[in-house]
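The structure file entry-v6.txt is reproduced below (compact mmCIF, C-alpha atoms).
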```txt
# COMPACT_ATOMS: atom_id res chain seq x y z
CA MET A 1 53.17 36.97 -2.37
CA SER A 2 54.97 35.89 0.82
CA ILE A 3 53.40 36.08 4.23
CA LYS A 4 55.46 39.23 4.87
CA GLU A 5 53.61 40.90 2.02
CA LEU A 6 50.07 40.12 3.15
CA GLN A 7 47.89 42.97 1.86
CA ASP A 8 44.44 44.31 2.49
CA ALA A 9 41.82 45.15 -0.13
CA THR A 10 43.64 48.38 -1.04
CA GLY A 11 47.03 46.70 -1.48
CA THR A 12 48.50 48.02 1.76
CA VAL A 13 50.76 45.68 3.75
CA ILE A 14 48.86 45.27 7.02
CA HIS A 15 51.06 43.27 9.38
CA PRO A 16 54.56 43.77 10.91
CA MET A 17 57.63 42.32 9.22
CA THR A 18 57.95 39.34 11.56
CA GLU A 19 55.57 36.37 11.51
CA THR A 20 55.45 36.32 15.30
CA ASN A 21 54.23 39.88 15.44
CA ALA A 22 51.76 39.11 12.67
CA ILE A 23 50.13 36.51 14.90
CA VAL A 24 50.18 38.74 17.94
CA ASP A 25 48.66 41.64 15.98
CA ALA A 26 46.20 39.50 14.00
CA ASP A 27 43.36 41.81 14.98
CA LYS A 28 44.84 44.36 12.55
CA LEU A 29 43.64 42.14 9.71
CA VAL A 30 40.11 43.27 10.40
CA ASN A 31 38.83 46.70 9.68
CA THR A 32 36.79 47.45 12.77
CA THR A 33 35.32 50.61 11.26
CA SER A 34 32.90 48.70 9.02
CA THR A 35 31.11 45.38 8.77
CA GLN A 36 33.53 44.06 6.13
CA ASN A 37 36.81 42.21 6.66
CA ASN A 38 39.47 44.43 5.14
CA ILE A 39 41.07 41.56 3.21
CA ALA A 40 40.50 41.31 -0.54
CA GLY A 41 38.18 38.48 -1.61
CA ILE A 42 36.75 37.66 1.80
CA LYS A 43 33.09 38.29 2.61
CA ASN A 44 32.23 39.30 6.12
CA PHE A 45 30.47 36.99 8.58
CA VAL A 46 28.72 39.81 10.42
CA ASP A 47 26.10 40.50 7.78
CA GLY A 48 25.54 36.74 7.35
CA ILE A 49 26.21 33.99 4.83
CA SER A 50 24.12 33.54 1.70
CA ILE A 51 23.50 30.32 -0.22
CA LYS A 52 22.53 30.99 -3.84
CA GLY A 53 21.48 34.47 -2.82
CA VAL A 54 19.27 33.30 0.06
CA PRO A 55 20.45 34.37 3.53
CA LEU A 56 21.27 31.33 5.63
CA SER A 57 19.17 32.72 8.46
CA ASN A 58 16.11 32.61 6.15
CA ILE A 59 16.43 28.91 5.28
CA ASN A 60 14.05 26.74 7.27
CA PHE A 61 15.72 23.36 7.69
CA GLY A 62 12.64 22.08 9.49
CA LYS A 63 10.35 22.57 6.48
CA ILE A 64 8.11 19.59 5.75
CA ASN A 65 6.76 19.23 2.21
CA SER A 66 3.45 17.78 1.14
CA VAL A 67 3.60 14.85 -1.26
CA PRO A 68 2.94 16.33 -4.75
CA ASN A 69 -0.66 15.63 -5.76
CA ASP A 70 -0.75 13.18 -2.84
CA ASN A 71 1.05 10.64 -5.07
CA ILE A 72 4.33 9.05 -3.95
CA TYR A 73 5.41 8.56 -7.58
CA GLU A 74 5.42 12.31 -8.14
CA ILE A 75 8.19 13.00 -5.61
CA ASN A 76 11.31 13.89 -7.62
CA GLN A 77 13.21 16.31 -5.41
CA SER A 78 15.22 15.83 -2.23
CA GLY A 79 13.59 16.91 1.01
CA LEU A 80 11.44 15.90 3.95
CA TYR A 81 7.84 14.92 3.16
CA TYR A 82 4.74 13.92 5.11
CA TYR A 83 2.37 11.25 3.78
CA TYR A 84 -1.10 10.09 4.82
CA SER A 85 -2.89 6.75 4.83
CA LYS A 86 -4.69 7.70 1.61
CA THR A 87 -1.56 8.87 -0.25
CA THR A 88 -1.49 6.87 -3.48
CA ASN A 89 1.33 4.46 -4.40
CA ARG A 90 2.36 4.28 -0.76
CA PRO A 91 4.02 0.93 -0.01
CA LEU A 92 2.25 -1.48 2.29
CA MET A 93 2.94 -0.27 5.83
CA ASP A 94 2.16 -1.58 9.29
CA ILE A 95 -0.92 0.07 10.78
CA SER A 96 1.36 2.05 13.11
CA TYR A 97 2.88 3.88 10.11
CA LEU A 98 -0.11 4.70 7.91
CA ASN A 99 0.82 8.36 8.38
CA GLY A 100 4.43 9.48 8.64
CA TYR A 101 7.55 11.04 7.22
CA ILE A 102 9.66 10.41 4.13
CA VAL A 103 13.28 11.45 3.59
CA ALA A 104 13.88 11.82 -0.15
CA SER A 105 17.30 12.01 -1.84
CA PHE A 106 17.41 12.57 -5.60
CA LYS A 107 20.35 12.79 -7.99
CA ASP A 108 17.93 14.05 -10.66
CA ILE A 109 14.21 13.67 -11.38
CA ASN A 110 14.72 10.11 -12.71
CA ASN A 111 17.01 8.71 -10.02
CA GLY A 112 16.43 8.85 -6.29
CA ILE A 113 15.43 6.98 -3.18
CA LEU A 114 12.77 7.42 -0.49
CA LEU A 115 13.05 6.32 3.12
CA PHE A 116 9.78 5.93 5.00
CA ILE A 117 11.18 6.61 8.45
CA GLY A 118 8.66 4.90 10.71
CA GLY A 119 8.50 1.55 8.95
CA LEU A 120 12.10 1.66 7.70
CA THR A 121 10.88 1.04 4.16
CA THR A 122 12.72 2.23 1.05
CA MET A 123 11.51 2.89 -2.49
CA GLU A 124 13.96 3.55 -5.31
CA LYS A 125 13.40 5.33 -8.60
CA PHE A 126 15.99 4.16 -11.12
CA GLN A 127 16.21 5.55 -14.65
CA GLY A 128 12.67 6.84 -14.39
CA GLU A 129 11.12 3.61 -13.11
CA TRP A 130 9.95 2.92 -9.56
CA ARG A 131 11.15 -0.37 -8.09
CA LYS A 132 9.37 -2.52 -5.50
CA ALA A 133 9.53 -1.24 -1.95
CA GLU A 134 12.08 -2.93 0.32
CA THR A 135 11.86 -3.42 4.07
CA ASN A 136 13.18 -5.61 6.88
CA THR A 137 10.17 -4.75 9.01
CA ALA A 138 7.42 -7.37 9.19
CA MET A 139 4.25 -6.24 7.40
CA ASP A 140 0.85 -7.37 8.67
CA LEU A 141 -0.83 -9.27 5.82
CA TRP A 142 -3.64 -10.84 7.80
CA SER A 143 -4.82 -11.14 11.40
CA GLY A 144 -7.79 -12.84 13.02
CA GLY A 145 -8.64 -16.38 14.08
CA ALA A 146 -8.42 -19.08 11.41
CA LYS A 147 -9.75 -22.64 11.61
CA VAL A 148 -9.43 -25.47 9.12
CA GLY A 149 -11.34 -24.63 5.95
CA ASP A 150 -10.96 -20.83 6.30
CA THR A 151 -9.58 -18.70 3.47
CA LEU A 152 -7.25 -15.87 4.52
CA LYS A 153 -7.47 -12.69 2.43
CA LEU A 154 -4.03 -11.07 2.45
CA ALA A 155 -3.27 -7.36 2.26
CA ALA A 156 -0.70 -7.82 -0.52
CA ASP A 157 0.60 -10.30 -3.08
CA VAL A 158 2.69 -13.07 -1.48
CA ASN A 159 5.30 -12.60 -4.23
CA ASN A 160 6.17 -9.15 -2.85
CA PHE A 161 7.97 -10.87 0.03
CA ASP A 162 10.89 -13.25 0.48
CA ARG A 163 9.32 -15.08 3.41
CA LEU A 164 6.17 -15.21 5.50
CA ARG A 165 5.87 -15.41 9.27
CA PHE A 166 2.89 -17.24 10.77
CA LYS A 167 1.67 -17.04 14.36
CA LEU A 168 0.35 -20.43 15.43
CA THR A 169 -2.02 -20.99 18.35
CA THR A 170 -2.23 -24.69 19.15
CA PRO A 171 -2.24 -26.85 22.31
CA LEU A 172 1.57 -26.73 22.02
CA GLY A 173 1.60 -22.97 22.54
CA ASN A 174 1.80 -19.70 20.62
CA ASP A 175 4.78 -19.68 18.27
CA TYR A 176 6.01 -17.89 15.16
CA VAL A 177 7.07 -20.02 12.21
CA GLU A 178 8.75 -18.60 9.08
CA ARG A 179 8.60 -20.05 5.59
CA SER A 180 10.04 -19.02 2.23
CA THR A 181 7.48 -17.74 -0.29
CA ASN A 182 8.82 -19.94 -3.09
CA LYS A 183 6.32 -22.66 -2.15
CA SER A 184 2.76 -23.27 -3.28
CA THR A 185 1.99 -25.06 0.01
CA PHE A 186 3.21 -24.09 3.48
CA TRP A 187 3.66 -26.76 6.16
CA LEU A 188 3.93 -25.15 9.58
CA THR A 189 5.26 -27.44 12.29
CA GLN A 190 5.55 -27.16 16.07
CA VAL A 191 7.42 -29.79 18.08
CA GLY A 192 7.49 -30.37 21.86
CA LEU A 193 7.57 -33.03 24.56
CA SER A 194 4.87 -34.54 26.69
CA GLY A 195 4.67 -33.47 30.32
CA ASP A 196 6.80 -36.39 31.52
CA GLY A 197 9.22 -36.01 28.62
CA GLY A 198 8.50 -39.53 27.45
CA ALA A 199 6.91 -38.71 24.11
CA ILE A 200 7.34 -36.23 21.28
CA ARG A 201 4.33 -34.05 20.55
CA ALA A 202 3.90 -32.31 17.21
CA ALA A 203 1.38 -30.08 15.48
CA GLU A 204 1.30 -29.28 11.79
CA LEU A 205 -0.76 -26.79 9.79
CA THR A 206 -1.10 -26.90 6.01
CA LEU A 207 -1.85 -23.74 4.02
CA ASP A 208 -2.31 -23.64 0.25
CA ARG A 209 -1.75 -20.54 -1.88
CA MET A 210 -4.69 -19.44 -3.99
CA ASP A 211 -4.45 -18.56 -7.67
CA ASP A 212 -4.69 -14.79 -7.15
CA GLN A 213 -1.65 -14.85 -4.79
CA ASN A 214 -3.51 -12.56 -2.37
CA ALA A 215 -5.12 -15.37 -0.42
CA MET A 216 -4.40 -18.77 1.08
CA LYS A 217 -6.53 -21.55 2.53
CA LEU A 218 -5.94 -23.34 5.82
CA SER A 219 -6.60 -26.86 4.57
CA LYS A 220 -5.40 -29.03 7.47
CA ALA A 221 -4.38 -28.90 11.14
CA LEU A 222 -3.15 -31.99 12.95
CA ILE A 223 -1.68 -32.78 16.35
CA ASN A 224 0.09 -35.90 17.53
CA ASN A 225 0.46 -36.36 21.26
CA GLY A 226 2.95 -39.19 21.03
CA SER A 227 0.56 -41.88 19.82
CA SER A 228 0.56 -43.59 16.46
CA LYS A 229 -2.35 -41.53 15.17
CA ALA A 230 -2.67 -37.77 14.72
CA ASP A 231 -5.87 -35.95 15.63
CA ASN A 232 -7.54 -33.10 13.79
CA LEU A 233 -7.56 -29.63 15.38
CA SER A 234 -10.92 -27.90 14.97
CA ASP A 235 -10.33 -24.76 17.03
CA VAL A 236 -8.53 -21.56 16.01
CA VAL A 237 -4.92 -22.48 15.19
CA LEU A 238 -3.61 -19.40 13.32
CA THR A 239 -3.91 -15.73 14.31
CA LYS A 240 -1.48 -13.74 12.15
CA VAL A 241 0.42 -13.74 8.85
CA GLU A 242 3.25 -11.28 8.24
CA GLY A 243 5.43 -10.61 5.20
CA LEU A 244 9.20 -10.00 5.32
CA LYS A 245 11.83 -9.14 2.71
```

Can the structure from this file be put into structure tokens for me?
Amino acid sequence: MSIKELQDATGTVIHPMTETNAIVDADKLVNTTSTQNNIAGIKNFVDGISIKGVPLSNINFGKINSVPNDNIYEINQSGLYYYYSKTTNRPLMDISYLNGYIVASFKDINNGILLFIGGLTTMEKFQGEWRKAETNTAMDLWSGGAKVGDTLKLAADVNNFDRLRFKLTTPLGNDYVERSTNKSTFWLTQVGLSGDGGAIRAAELTLDRMDDQNAMKLSKALINNGSSKADNLSDVVLTKVEGLK
């Protein structure tokens, strides 16, 4: 039908014969004697909108779900979840995010992704299988004060990360040094100048991966103050190891 034949639910033409007047008298499109628009096929917006039979006003968009059976792997529906430090199959998280929130988005029960908001860590379920967690946030694997001969027990397998970041504490200062994890031995080097700028100073730490991949040994720490011979460092030279992906 043309705009000049616009009808209400009973089939009655309800606006004047000119389009201009139709706009001016647009209030005639609504039946003010009831809570329904008097146009066929249109539901009123006074009573409210329903989604799958549930009134929109009854839907709580702030609802936070518990992780099913306190197991990350049992999440299979989209929504907002809250996890705890003891929730099983939780990815390794910095101590600041042992409790927190998860945004879950699932196509179906076998395909979805989780975002752990605080640590910006994601876990994907693809074709029914959970993949390794991914994150660009540094994860604390070890902290303390290591000297030559000490073995560092790590919080996770080195192979879960693309690179490691070490915090050195030597006479040359406190510095972070990154190394790829595709090595069995890590050589960590600091370089600087002597006070008068006349000599190059350097410190180097050597760490060896252990067989279980969850530990490494600080086997050597040397410093050269510009002479022909390097000296051993016997004090604490390493205070933190972090994992990055």

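Atom CA of Phe116 of chain A is positioned 12.3 Å from atom CA of Ser96 of chain A.
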
Residues within 12 Å of Leu188 of chain A, all atoms listed in the file, excluding chain neighbours under 2 positions, as an mmCIF file with C-alpha atoms, in the frame of the given file:
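Okay, this is what ended up in around05.cif:
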```cif
data_model
loop_
_atom_site.group_PDB
_atom_site.id
_atom_site.type_symbol
_atom_site.label_atom_id
_atom_site.label_comp_id
_atom_site.auth_asym_id
_atom_site.auth_seq_id
_atom_site.Cartn_x
_atom_site.Cartn_y
_atom_site.Cartn_z
ATOM 1 C CA LEU A 164 6.170 -15.210 5.500
ATOM 2 C CA ARG A 165 5.870 -15.410 9.270
ATOM 3 C CA PHE A 166 2.890 -17.240 10.770
ATOM 4 C CA LYS A 167 1.670 -17.040 14.360
ATOM 5 C CA LEU A 168 0.350 -20.430 15.430
ATOM 6 C CA THR A 169 -2.020 -20.990 18.350
ATOM 7 C CA THR A 170 -2.230 -24.690 19.150
ATOM 8 C CA ASP A 175 4.780 -19.680 18.270
ATOM 9 C CA TYR A 176 6.010 -17.890 15.160
ATOM 10 C CA VAL A 177 7.070 -20.020 12.210
ATOM 11 C CA GLU A 178 8.750 -18.600 9.080
ATOM 12 C CA ARG A 179 8.600 -20.050 5.590
ATOM 13 C CA SER A 180 10.040 -19.020 2.230
ATOM 14 C CA THR A 185 1.990 -25.060 0.010
ATOM 15 C CA PHE A 186 3.210 -24.090 3.480
ATOM 16 C CA GLN A 190 5.550 -27.160 16.070
ATOM 17 C CA VAL A 191 7.420 -29.790 18.080
ATOM 18 C CA ALA A 202 3.900 -32.310 17.210
ATOM 19 C CA ALA A 203 1.380 -30.080 15.480
ATOM 20 C CA GLU A 204 1.300 -29.280 11.790
ATOM 21 C CA LEU A 205 -0.760 -26.790 9.790
ATOM 22 C CA THR A 206 -1.100 -26.900 6.010
ATOM 23 C CA LEU A 207 -1.850 -23.740 4.020
ATOM 24 C CA ASP A 208 -2.310 -23.640 0.250
ATOM 25 C CA LEU A 218 -5.940 -23.340 5.820
ATOM 26 C CA SER A 219 -6.600 -26.860 4.570
ATOM 27 C CA LYS A 220 -5.400 -29.030 7.470
ATOM 28 C CA ALA A 221 -4.380 -28.900 11.140
ATOM 29 C CA LEU A 222 -3.150 -31.990 12.950
ATOM 30 C CA ILE A 223 -1.680 -32.780 16.350
ATOM 31 C CA VAL A 237 -4.920 -22.480 15.190
ATOM 32 C CA LEU A 238 -3.610 -19.400 13.320
ATOM 33 C CA VAL A 241 0.420 -13.740 8.850
#
```

Inset, instruction - Measure the distance from atom CA of Ser194 of chain A to atom CA of Asn232 of chain A in Å and round it to one decimal. - result: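 Computing the Euclidean distance for atom CA of Ser194 of chain A and atom CA of Asn232 of chain A yields 18.0 Å.
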
Inset, instruction - For atom CA of Ala138 of chain A and atom CA of Leu120 of chain A, determine how far apart the two atoms are, in Å to one decimal place. - result: 10.3 Å

Legend entry - Contacts of Val67 of chain A at 8 Å (only C-alpha atoms; same-chain gap of 2+ positions) as a list of chain:residue names: A:Asn65, A:Asn69, A:Asp70, A:Asn71, A:Ile72, A:Glu74, A:Ile75, A:Tyr81, A:Tyr82, A:Tyr83, A:Thr87

Inset, instruction - For each of A:Ala215, A:Leu172, A:Val148, A:Ala199, take the minimum atom-to-atom distance to Ser184 of chain A, counting all atoms listed in the file, then give the residue where this is smallest. - result: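 Of the candidates, the smallest distance to Ser184 of chain A is held by A:Ala215.
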
Inset, instruction - Check the smallest atom-to-atom distance from each of A:Leu92, A:Leu98, A:Leu114, A:Ile200 to Asp157 of chain A using only C-alpha atoms, then report the winner. - result: A:Leu92

Inset, instruction - Point out the residue among A:Gly100, A:Asn76, A:Met93, A:Phe161 with the least atom-to-atom distance to Gly128 of chain A, counting all atoms listed in the file. - result: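 For Gly128 of chain A, the nearest of the given residues is A:Asn76.
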
Inset, instruction - May I have the residues within 6 Å of Leu141 of chain A as a PyMOL selection string, using only C-alpha atoms and disregarding those fewer than 2 positions away in the same chain? - result: chain A and resi 154-155+241-242

Inset, instruction - Rank nothing, just name the residue among A:Tyr97, A:Thr151, A:Gly192, A:Lys107 nearest to Ser85 of chain A, using only C-alpha atoms. - result: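 When distances to Ser85 of chain A are compared using only C-alpha atoms, the smallest one comes from A:Tyr97.
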
Inset, instruction - Name the residues in contact with Leu115 of chain A at a cut-off of 10 Å, using all atoms listed in the file, excluding same-chain residues fewer than 2 positions from it; report them as a VMD selection string. - result: chain A and resid 80 101 to 105 113 117 to 124 133 to 135

Determine the axis-aligned bounding box of all atoms of segment 128-135 of chain A present in the file, pad each side by 5 Å, and express its centre and edge lengths in Å to one decimal place as JSON.
```
{"center_x": 11.0, "center_y": 1.7, "center_z": -5.2, "size_x": 13.3, "size_y": 20.3, "size_z": 28.5}
```
